[in-house]
Protein chains: 2
Amino acid sequence: MNAPSQNASTSKAIVADAVRGSLERSSWIRKMFEEGARLKAEHGAENVFDFSLGNPILEPPPEVQEALRGLLTDPQPGLHRYIPNAGLPEVRSFIAGELGGATGLPYTAGHIVLSCGAAGAVNCVLKALLNPGDEVVTFTPYFVEYDFYVANHGGRLVRSPTDDSFQIDLANLEAVVTERTRAVMINSPNNPTGVVYPAERLEALAAFLREASARFGRPIVLISDEPYRQLAFDGVEVPWVPPLYEHTLVIHSHSKDLGLAGERIGYAAVSPHMAECDLLCDALVLANRILGFVNAPALIQRILPLVKGARVDVAYYQAMRDRMLAPLREMGYEMVTPQGAFYLFPKSPIEDDVAFVKAAQAERLLLVPGSGFGGPGHFRISLAVPEDVVDRSLPVFEKVLRQVG
Amino acid sequence: MNAPSQNASTSKAIVADAVRGSLERSSWIRKMFEEGARLKAEHGAENVFDFSLGNPILEPPPEVQEALRGLLTDPQPGLHRYIPNAGLPEVRSFIAGELGGATGLPYTAGHIVLSCGAAGAVNCVLKALLNPGDEVVTFTPYFVEYDFYVANHGGRLVRSPTDDSFQIDLANLEAVVTERTRAVMINSPNNPTGVVYPAERLEALAAFLREASARFGRPIVLISDEPYRQLAFDGVEVPWVPPLYEHTLVIHSHSKDLGLAGERIGYAAVSPHMAECDLLCDALVLANRILGFVNAPALIQRILPLVKGARVDVAYYQAMRDRMLAPLREMGYEMVTPQGAFYLFPKSPIEDDVAFVKAAQAERLLLVPGSGFGGPGHFRISLAVPEDVVDRSLPVFEKVLRQVG
């Protein structure tokens, strides 16, 4: 056995340095959530206005419950056994058929990998794509878990600011794309801003990426993270990305559109026109296995072909948006009108969004500071709340605005 | 935008180098499985004797189906929503109670993190523990997914050979433990050998680790991966590790004991006596979130307190062991008697176990070469097969032995 070395990067610590650092850095937002829990314990949950959680409030549509009961009434042998790492063939085929119909591209079962939600899918994709030091660009404000997901696989997340309407700004993108850029990750409808990228912006992005790929002699992959695709308002159609750009991976989740967030079901879909398509599909399946997901939960994935496109009632989130938007604007809050997802992302009435959120918390109004999304000077309101919470909270929003103003 | 650099480690390739390498290295075993699938397609599944899969064959006990039906009959609101990353408080409490009763240690809900199976739990544990370059020691033959799991988090797996009975050999361990050793990972009952580590071996291991931890000034963590704990034969009790060594993490899965392999449900339990216990628990919860598991599937975890320790009928696997052991030995195969899990791990009749497995495959007998488990010169037989497959295969085992002998 070797003698202990003075130089080894070992310490008495048990927890890894990187994770320890992450825990320390996120302690402020954790304290905020703990304070929220404390307020609920002290004042009763009904007296705290909690707009801080992105936990979809709508129950799964009745088709989901019927499909589950049907599977369990007289369960076939092997219902709960291991299934292929990529998912059940009939479920992959069903999804390929849906995507093929929507995009006009020749998706087959082989292009689809069922995953433990979008979070699982993004991790598998990044595992499959990233060499050490590769960069992934995303647009701010953004879902900050991306920082972790990219770092998990040895990459580096690069942030590119959007314009004043939270839309993609190609001049900003141009400034950060280099030969190290392995992928660009978009999220539309967007968390936290609620914006949807229109077709013309996506076409411009595709043209940019095609040119940059040629310039650097390496395809830049476009990862389109679409957990909110079905949650679009005002009749807006969320454009499909794969027909616009060949090297596209679509990530989907049924957390929101089927109200199954706790069950961890989603998928990654490789464009049939992607470079190295077959090898990438194999890589995703391997990643699903070796990252420890093994397979997306078996029982829940079986329901997908059975519910045949049933969805939660998106009108609820749109109604909550409308219930808040006009009154908040009347009070003096400024915000972009979200066209999807279930968030508002107003400007903070004072520059320091963390201070504003703390002031709101003192009035038992729970929000998330935009700084938590790489969007300082703003705050996020989740629309996944009961109606009465919206109504009872409006006077509190006004009170807090007066207090800080 | 920067000009492309000649030196950048970029290529036209889409798939990451490491994953590409893993796919190439595992292509031989994949080809073997594909050949098995081809044989089944050609000759009919009933004419192929498939002992290659570790897919638990026993259906979940009736209590599981009853609990599931009960939850879904009149589903409570929020049944499928996001739950805390660590799991539901009542499920964590239930598991803590079970572990406390079994070990005599003061486990509480805070020590338990529900995970997507043992594979998910091991990945969370390694994420939480490993600094770059840290080493994890395991005993060969071993579950080769450990190589991937450790590499996922920047560590290096170090292999320490067991003795002739597949038991821990402390002299071999001594030779590889250094100041870089962050953890030792054990798996008892063992895949692929079926051995159970008796208490005296574990006590000796604990004494060794305590001494080594003191010598290197850093606790060496013992990761006890126990997906087969409930699958022990001949009345053997699988000893509990946490009472023997303070820095112990227990990993469990309900894939085997509840027949729920496809549903991905398991947990990691931090010993209440672990150094940095609270911080490590926080780190595991963070890891569960940021690796993309988010939470162990919600519906399935709810059943754990409801089925109150129900288990599949282990007698089945013991009966399959006994049904094969004596006849195979009579033919001339040599093997250690497994005391748990559901595998036999006989010596290959010829030195080249891959050649032997190929010869068996030609007779439509599917096995896995020991080389696939860091145990060359052996092969693995899965006992998770129907009775009639065992009976009809025995003449084929004899035929292949005569052919190669």
# chains A, B, ... in the order shown; residues from 1 in each chain; ligands from 1
$ select_by_dssp --residues "segment 163-358 of chain B" --states "alpha helix (DSSP H)" --output "tab-separated table (two decimals) with C-alpha atoms, in the first residue's frame"
chain	number	residue	atom	x	y	z
B	170	LEU	CA	-7.86	-8.75	2.11
B	171	ALA	CA	-4.29	-9.30	0.92
B	172	ASN	CA	-5.41	-8.48	-2.60
B	173	LEU	CA	-7.35	-5.50	-1.33
B	174	GLU	CA	-4.34	-4.21	0.63
B	199	ALA	CA	-20.28	-11.77	8.84
B	200	GLU	CA	-16.69	-12.66	9.71
B	201	ARG	CA	-15.42	-11.60	6.27
B	202	LEU	CA	-17.33	-8.34	6.53
B	203	GLU	CA	-16.00	-7.73	10.03
B	204	ALA	CA	-12.47	-8.24	8.75
B	205	LEU	CA	-13.19	-5.88	5.87
B	206	ALA	CA	-14.53	-3.28	8.32
B	207	ALA	CA	-11.42	-3.55	10.48
B	208	PHE	CA	-9.23	-3.19	7.41
B	209	LEU	CA	-11.12	-0.11	6.18
B	210	ARG	CA	-11.07	1.50	9.61
B	211	GLU	CA	-7.31	1.07	9.77
B	212	ALA	CA	-6.80	2.28	6.19
B	213	SER	CA	-9.05	5.30	6.77
B	214	ALA	CA	-6.94	6.25	9.78
B	215	ARG	CA	-3.69	5.68	7.88
B	216	PHE	CA	-4.73	7.93	4.98
B	277	CYS	CA	-23.87	12.41	7.36
B	278	ASP	CA	-26.21	15.39	6.89
B	279	LEU	CA	-24.18	16.98	4.12
B	280	LEU	CA	-23.95	13.64	2.31
B	281	CYS	CA	-27.73	13.21	2.49
B	282	ASP	CA	-28.13	16.70	1.00
B	283	ALA	CA	-25.61	15.78	-1.68
B	284	LEU	CA	-27.54	12.64	-2.62
B	285	VAL	CA	-30.76	14.60	-2.94
B	286	LEU	CA	-29.00	17.16	-5.14
B	287	ALA	CA	-27.47	14.37	-7.23
B	288	ASN	CA	-30.86	12.72	-7.72
B	289	ARG	CA	-32.14	16.05	-9.02
B	290	ILE	CA	-29.28	17.20	-11.22
B	298	ALA	CA	-44.09	8.59	-7.70
B	299	LEU	CA	-46.83	6.00	-8.10
B	300	ILE	CA	-44.62	2.97	-7.51
B	301	GLN	CA	-42.89	4.38	-4.46
B	302	ARG	CA	-46.25	4.89	-2.79
B	303	ILE	CA	-46.83	1.16	-2.71
B	304	LEU	CA	-43.78	0.36	-0.58
B	305	PRO	CA	-45.35	1.13	2.81
B	306	LEU	CA	-48.58	-0.50	1.64
B	307	VAL	CA	-47.16	-3.94	0.80
B	315	ALA	CA	-37.96	-20.62	-3.18
B	316	TYR	CA	-38.39	-20.57	-6.94
B	317	TYR	CA	-34.83	-19.44	-7.60
B	318	GLN	CA	-33.47	-21.88	-5.01
B	319	ALA	CA	-35.41	-24.69	-6.71
B	320	MET	CA	-33.96	-23.74	-10.10
B	321	ARG	CA	-30.48	-23.71	-8.56
B	322	ASP	CA	-31.00	-27.18	-7.16
B	323	ARG	CA	-32.53	-28.40	-10.39
B	324	MET	CA	-29.35	-27.47	-12.26
B	325	LEU	CA	-26.55	-27.81	-9.72
B	326	ALA	CA	-26.47	-31.59	-9.22
B	327	PRO	CA	-26.99	-32.57	-12.89
B	328	LEU	CA	-24.38	-30.10	-14.11
B	329	ARG	CA	-21.85	-31.33	-11.56
B	330	GLU	CA	-22.60	-34.90	-12.49
B	331	MET	CA	-21.77	-34.06	-16.11
B	353	ASP	CA	-14.87	-18.81	-21.96
B	354	VAL	CA	-15.90	-16.75	-24.98
B	355	ALA	CA	-15.17	-19.72	-27.26
B	356	PHE	CA	-17.15	-21.98	-24.93
B	357	VAL	CA	-20.14	-19.63	-24.94
B	358	LYS	CA	-19.98	-19.50	-28.74
$ closest_atom_pairs --of "chain B" --to "chain A" --cutoff "7 Å" --atoms "only C-alpha atoms" --output "JSON lines"
{"residue": "B:Met1", "atom": "CA", "partner": "A:Ala175", "partner_atom": "CA", "distance": 5.4}
{"residue": "B:Asn2", "atom": "CA", "partner": "A:Thr178", "partner_atom": "CA", "distance": 5.6}
{"residue": "B:Pro4", "atom": "CA", "partner": "A:Glu179", "partner_atom": "CA", "distance": 5.5}
{"residue": "B:Ser11", "atom": "CA", "partner": "A:Arg218", "partner_atom": "CA", "distance": 6.1}
{"residue": "B:Lys12", "atom": "CA", "partner": "A:Arg218", "partner_atom": "CA", "distance": 4.4}
{"residue": "B:Ile14", "atom": "CA", "partner": "A:Leu129", "partner_atom": "CA", "distance": 6.2}
{"residue": "B:Val15", "atom": "CA", "partner": "A:Leu129", "partner_atom": "CA", "distance": 4.9}
{"residue": "B:Ala16", "atom": "CA", "partner": "A:Leu129", "partner_atom": "CA", "distance": 4.7}
{"residue": "B:Asp17", "atom": "CA", "partner": "A:Asn131", "partner_atom": "CA", "distance": 6.4}
{"residue": "B:Val19", "atom": "CA", "partner": "A:Ala128", "partner_atom": "CA", "distance": 6.2}
{"residue": "B:Asn55", "atom": "CA", "partner": "A:Tyr82", "partner_atom": "CA", "distance": 6.1}
{"residue": "B:Pro56", "atom": "CA", "partner": "A:Arg81", "partner_atom": "CA", "distance": 6.9}
{"residue": "B:Glu59", "atom": "CA", "partner": "A:Gly78", "partner_atom": "CA", "distance": 6.8}
{"residue": "B:Arg69", "atom": "CA", "partner": "A:Leu72", "partner_atom": "CA", "distance": 6.7}
{"residue": "B:Leu72", "atom": "CA", "partner": "A:Arg69", "partner_atom": "CA", "distance": 6.7}
{"residue": "B:Pro77", "atom": "CA", "partner": "A:Glu59", "partner_atom": "CA", "distance": 6.8}
{"residue": "B:Gly78", "atom": "CA", "partner": "A:Glu59", "partner_atom": "CA", "distance": 6.8}
{"residue": "B:His80", "atom": "CA", "partner": "A:Gly262", "partner_atom": "CA", "distance": 5.0}
{"residue": "B:Arg81", "atom": "CA", "partner": "A:Gly262", "partner_atom": "CA", "distance": 4.6}
{"residue": "B:Tyr82", "atom": "CA", "partner": "A:Gly262", "partner_atom": "CA", "distance": 4.1}
{"residue": "B:Ile83", "atom": "CA", "partner": "A:Gly262", "partner_atom": "CA", "distance": 6.1}
{"residue": "B:Cys116", "atom": "CA", "partner": "A:Phe293", "partner_atom": "CA", "distance": 6.5}
{"residue": "B:Ala119", "atom": "CA", "partner": "A:Gly292", "partner_atom": "CA", "distance": 4.4}
{"residue": "B:Gly120", "atom": "CA", "partner": "A:Gly292", "partner_atom": "CA", "distance": 4.4}
{"residue": "B:Asn123", "atom": "CA", "partner": "A:Gly292", "partner_atom": "CA", "distance": 6.3}
{"residue": "B:Ala128", "atom": "CA", "partner": "A:Ala16", "partner_atom": "CA", "distance": 5.7}
{"residue": "B:Leu129", "atom": "CA", "partner": "A:Ala16", "partner_atom": "CA", "distance": 4.7}
{"residue": "B:Leu130", "atom": "CA", "partner": "A:Ala16", "partner_atom": "CA", "distance": 5.2}
{"residue": "B:Asn131", "atom": "CA", "partner": "A:Ala16", "partner_atom": "CA", "distance": 5.2}
{"residue": "B:Glu145", "atom": "CA", "partner": "A:Ile290", "partner_atom": "CA", "distance": 6.7}
{"residue": "B:Phe148", "atom": "CA", "partner": "A:Ile290", "partner_atom": "CA", "distance": 5.9}
{"residue": "B:Tyr149", "atom": "CA", "partner": "A:Ile290", "partner_atom": "CA", "distance": 6.4}
{"residue": "B:Glu174", "atom": "CA", "partner": "A:Met1", "partner_atom": "CA", "distance": 6.1}
{"residue": "B:Ala175", "atom": "CA", "partner": "A:Met1", "partner_atom": "CA", "distance": 5.5}
{"residue": "B:Val176", "atom": "CA", "partner": "A:Met1", "partner_atom": "CA", "distance": 6.6}
{"residue": "B:Val177", "atom": "CA", "partner": "A:Met1", "partner_atom": "CA", "distance": 6.2}
{"residue": "B:Thr178", "atom": "CA", "partner": "A:Asn2", "partner_atom": "CA", "distance": 5.6}
{"residue": "B:Glu179", "atom": "CA", "partner": "A:Pro4", "partner_atom": "CA", "distance": 5.5}
{"residue": "B:Phe216", "atom": "CA", "partner": "A:Pro4", "partner_atom": "CA", "distance": 5.5}
{"residue": "B:Gly217", "atom": "CA", "partner": "A:Lys12", "partner_atom": "CA", "distance": 6.2}
{"residue": "B:Arg218", "atom": "CA", "partner": "A:Lys12", "partner_atom": "CA", "distance": 4.4}
{"residue": "B:Pro219", "atom": "CA", "partner": "A:Lys12", "partner_atom": "CA", "distance": 6.6}
{"residue": "B:Gly259", "atom": "CA", "partner": "A:Arg81", "partner_atom": "CA", "distance": 6.8}
{"residue": "B:Leu260", "atom": "CA", "partner": "A:His80", "partner_atom": "CA", "distance": 5.1}
{"residue": "B:Ala261", "atom": "CA", "partner": "A:Arg81", "partner_atom": "CA", "distance": 5.0}
{"residue": "B:Gly262", "atom": "CA", "partner": "A:Tyr82", "partner_atom": "CA", "distance": 4.1}
{"residue": "B:Glu263", "atom": "CA", "partner": "A:Pro297", "partner_atom": "CA", "distance": 4.6}
{"residue": "B:Arg264", "atom": "CA", "partner": "A:Pro297", "partner_atom": "CA", "distance": 6.1}
{"residue": "B:Ala275", "atom": "CA", "partner": "A:Ile14", "partner_atom": "CA", "distance": 6.9}
{"residue": "B:Glu276", "atom": "CA", "partner": "A:Ile14", "partner_atom": "CA", "distance": 6.4}
{"residue": "B:Leu280", "atom": "CA", "partner": "A:Val15", "partner_atom": "CA", "distance": 5.9}
{"residue": "B:Ala283", "atom": "CA", "partner": "A:Val19", "partner_atom": "CA", "distance": 6.4}
{"residue": "B:Ile290", "atom": "CA", "partner": "A:Phe148", "partner_atom": "CA", "distance": 5.9}
{"residue": "B:Leu291", "atom": "CA", "partner": "A:Tyr149", "partner_atom": "CA", "distance": 6.7}
{"residue": "B:Gly292", "atom": "CA", "partner": "A:Ala119", "partner_atom": "CA", "distance": 4.4}
{"residue": "B:Phe293", "atom": "CA", "partner": "A:Gly120", "partner_atom": "CA", "distance": 6.0}
{"residue": "B:Asn295", "atom": "CA", "partner": "A:Gly262", "partner_atom": "CA", "distance": 7.0}
{"residue": "B:Pro297", "atom": "CA", "partner": "A:Glu263", "partner_atom": "CA", "distance": 4.6}
{"residue": "B:Ala298", "atom": "CA", "partner": "A:Gly262", "partner_atom": "CA", "distance": 5.0}
{"residue": "B:Leu299", "atom": "CA", "partner": "A:Glu263", "partner_atom": "CA", "distance": 6.7}
$ atom_distance --atom1 "atom CA of Val137 of chain A" --atom2 "atom CA of Trp240 of chain A"
19.8 Å
$ residues_around --residues "Ala310 of chain B" --least-positions-apart "4" --cutoff "9 Å" --atoms "only C-alpha atoms" --output "PyMOL selection string"
chain B and resi 61-64+257-258
$ write_last_selection --atoms "N, CA, C and O atoms" --output "PDB file, in the first residue's frame"
ATOM      1  N   PRO B  61     -45.596  -9.861  -6.001  1.00  0.00           N
ATOM      2  CA  PRO B  61     -46.565 -10.526  -5.119  1.00  0.00           C
ATOM      3  C   PRO B  61     -47.928  -9.834  -5.221  1.00  0.00           C
ATOM      4  O   PRO B  61     -48.003  -8.659  -5.598  1.00  0.00           O
ATOM      5  N   PRO B  62     -49.006 -10.548  -4.902  1.00  0.00           N
ATOM      6  CA  PRO B  62     -50.356  -9.979  -5.067  1.00  0.00           C
ATOM      7  C   PRO B  62     -50.532  -8.665  -4.318  1.00  0.00           C
ATOM      8  O   PRO B  62     -51.290  -7.792  -4.765  1.00  0.00           O
ATOM      9  N   GLU B  63     -49.828  -8.496  -3.211  1.00  0.00           N
ATOM     10  CA  GLU B  63     -49.957  -7.240  -2.451  1.00  0.00           C
ATOM     11  C   GLU B  63     -49.607  -6.023  -3.311  1.00  0.00           C
ATOM     12  O   GLU B  63     -50.171  -4.938  -3.126  1.00  0.00           O
ATOM     13  N   VAL B  64     -48.651  -6.192  -4.228  1.00  0.00           N
ATOM     14  CA  VAL B  64     -48.248  -5.076  -5.086  1.00  0.00           C
ATOM     15  C   VAL B  64     -49.388  -4.690  -6.014  1.00  0.00           C
ATOM     16  O   VAL B  64     -49.728  -3.504  -6.153  1.00  0.00           O
ATOM     17  N   ASP B 257     -36.754  -8.287  -5.428  1.00  0.00           N
ATOM     18  CA  ASP B 257     -37.566  -8.822  -4.331  1.00  0.00           C
ATOM     19  C   ASP B 257     -39.055  -8.517  -4.490  1.00  0.00           C
ATOM     20  O   ASP B 257     -39.894  -9.215  -3.917  1.00  0.00           O
ATOM     21  N   LEU B 258     -39.391  -7.468  -5.267  1.00  0.00           N
ATOM     22  CA  LEU B 258     -40.805  -7.210  -5.555  1.00  0.00           C
ATOM     23  C   LEU B 258     -41.131  -7.431  -7.039  1.00  0.00           C
ATOM     24  O   LEU B 258     -42.258  -7.166  -7.469  1.00  0.00           O
TER      25      LEU B 258
END
$ atom_distance --atom1 "atom CA of Val396 of chain B" --atom2 "atom CA of Ala360 of chain B"
8.1 Å
$ closest_residue --among "A:Leu53, A:Met32, A:Val184, A:Val336" --to "Ser382 of chain A" --atoms "only C-alpha atoms"
A:Leu53
$ atom_distance --atom1 "atom CA of Lys308 of chain B" --atom2 "atom CA of Thr103 of chain B"
17.6 Å
$ closest_residue --among "A:Asp391, A:Leu401, A:Gly235, A:Ser52" --to "Ile29 of chain A" --atoms "only C-alpha atoms"
A:Ser52
$ closest_residue --among "A:Thr138, A:Asn47, A:Ser348, A:Asn190" --to "Arg156 of chain A" --atoms "only C-alpha atoms"
A:Thr138
$ decode --residues "segment 259-331 of chain B" --atoms "C-alpha atoms" --output "compact mmCIF listing (two decimals), in the first residue's frame"
# COMPACT_ATOMS: atom_id res chain seq x y z
CA GLY B 259 -40.41 -8.16 -9.22
CA LEU B 260 -40.48 -4.49 -10.27
CA ALA B 261 -37.31 -4.25 -12.37
CA GLY B 262 -38.99 -2.23 -15.11
CA GLU B 263 -40.41 0.32 -12.68
CA ARG B 264 -37.06 1.59 -11.40
CA ILE B 265 -37.52 1.79 -7.68
CA GLY B 266 -34.81 1.55 -5.06
CA TYR B 267 -32.99 3.67 -2.51
CA ALA B 268 -29.71 4.78 -0.98
CA ALA B 269 -29.45 4.82 2.82
CA VAL B 270 -26.71 6.76 4.59
CA SER B 271 -25.59 5.30 7.89
CA PRO B 272 -26.54 7.60 10.78
CA HIS B 273 -22.93 7.16 11.94
CA MET B 274 -21.39 8.25 8.62
CA ALA B 275 -18.93 11.15 8.68
CA GLU B 276 -20.59 14.31 7.23
CA CYS B 277 -23.87 12.41 7.36
CA ASP B 278 -26.21 15.39 6.89
CA LEU B 279 -24.18 16.98 4.12
CA LEU B 280 -23.95 13.64 2.31
CA CYS B 281 -27.73 13.21 2.49
CA ASP B 282 -28.13 16.70 1.00
CA ALA B 283 -25.61 15.78 -1.68
CA LEU B 284 -27.54 12.64 -2.62
CA VAL B 285 -30.76 14.60 -2.94
CA LEU B 286 -29.00 17.16 -5.14
CA ALA B 287 -27.47 14.37 -7.23
CA ASN B 288 -30.86 12.72 -7.72
CA ARG B 289 -32.14 16.05 -9.02
CA ILE B 290 -29.28 17.20 -11.22
CA LEU B 291 -28.45 13.84 -12.79
CA GLY B 292 -31.96 14.03 -14.23
CA PHE B 293 -33.69 11.39 -12.13
CA VAL B 294 -35.52 14.24 -10.32
CA ASN B 295 -37.42 11.75 -8.16
CA ALA B 296 -37.98 8.00 -8.09
CA PRO B 297 -41.27 7.28 -9.90
CA ALA B 298 -44.09 8.59 -7.70
CA LEU B 299 -46.83 6.00 -8.10
CA ILE B 300 -44.62 2.97 -7.51
CA GLN B 301 -42.89 4.38 -4.46
CA ARG B 302 -46.25 4.89 -2.79
CA ILE B 303 -46.83 1.16 -2.71
CA LEU B 304 -43.78 0.36 -0.58
CA PRO B 305 -45.35 1.13 2.81
CA LEU B 306 -48.58 -0.50 1.64
CA VAL B 307 -47.16 -3.94 0.80
CA LYS B 308 -45.43 -4.11 4.21
CA GLY B 309 -42.51 -6.33 3.37
CA ALA B 310 -44.24 -8.69 0.90
CA ARG B 311 -41.69 -10.42 -1.31
CA VAL B 312 -41.57 -12.68 -4.35
CA ASP B 313 -41.22 -16.37 -3.60
CA VAL B 314 -37.46 -16.86 -3.38
CA ALA B 315 -37.96 -20.62 -3.18
CA TYR B 316 -38.39 -20.57 -6.94
CA TYR B 317 -34.83 -19.44 -7.60
CA GLN B 318 -33.47 -21.88 -5.01
CA ALA B 319 -35.41 -24.69 -6.71
CA MET B 320 -33.96 -23.74 -10.10
CA ARG B 321 -30.48 -23.71 -8.56
CA ASP B 322 -31.00 -27.18 -7.16
CA ARG B 323 -32.53 -28.40 -10.39
CA MET B 324 -29.35 -27.47 -12.26
CA LEU B 325 -26.55 -27.81 -9.72
CA ALA B 326 -26.47 -31.59 -9.22
CA PRO B 327 -26.99 -32.57 -12.89
CA LEU B 328 -24.38 -30.10 -14.11
CA ARG B 329 -21.85 -31.33 -11.56
CA GLU B 330 -22.60 -34.90 -12.49
CA MET B 331 -21.77 -34.06 -16.11
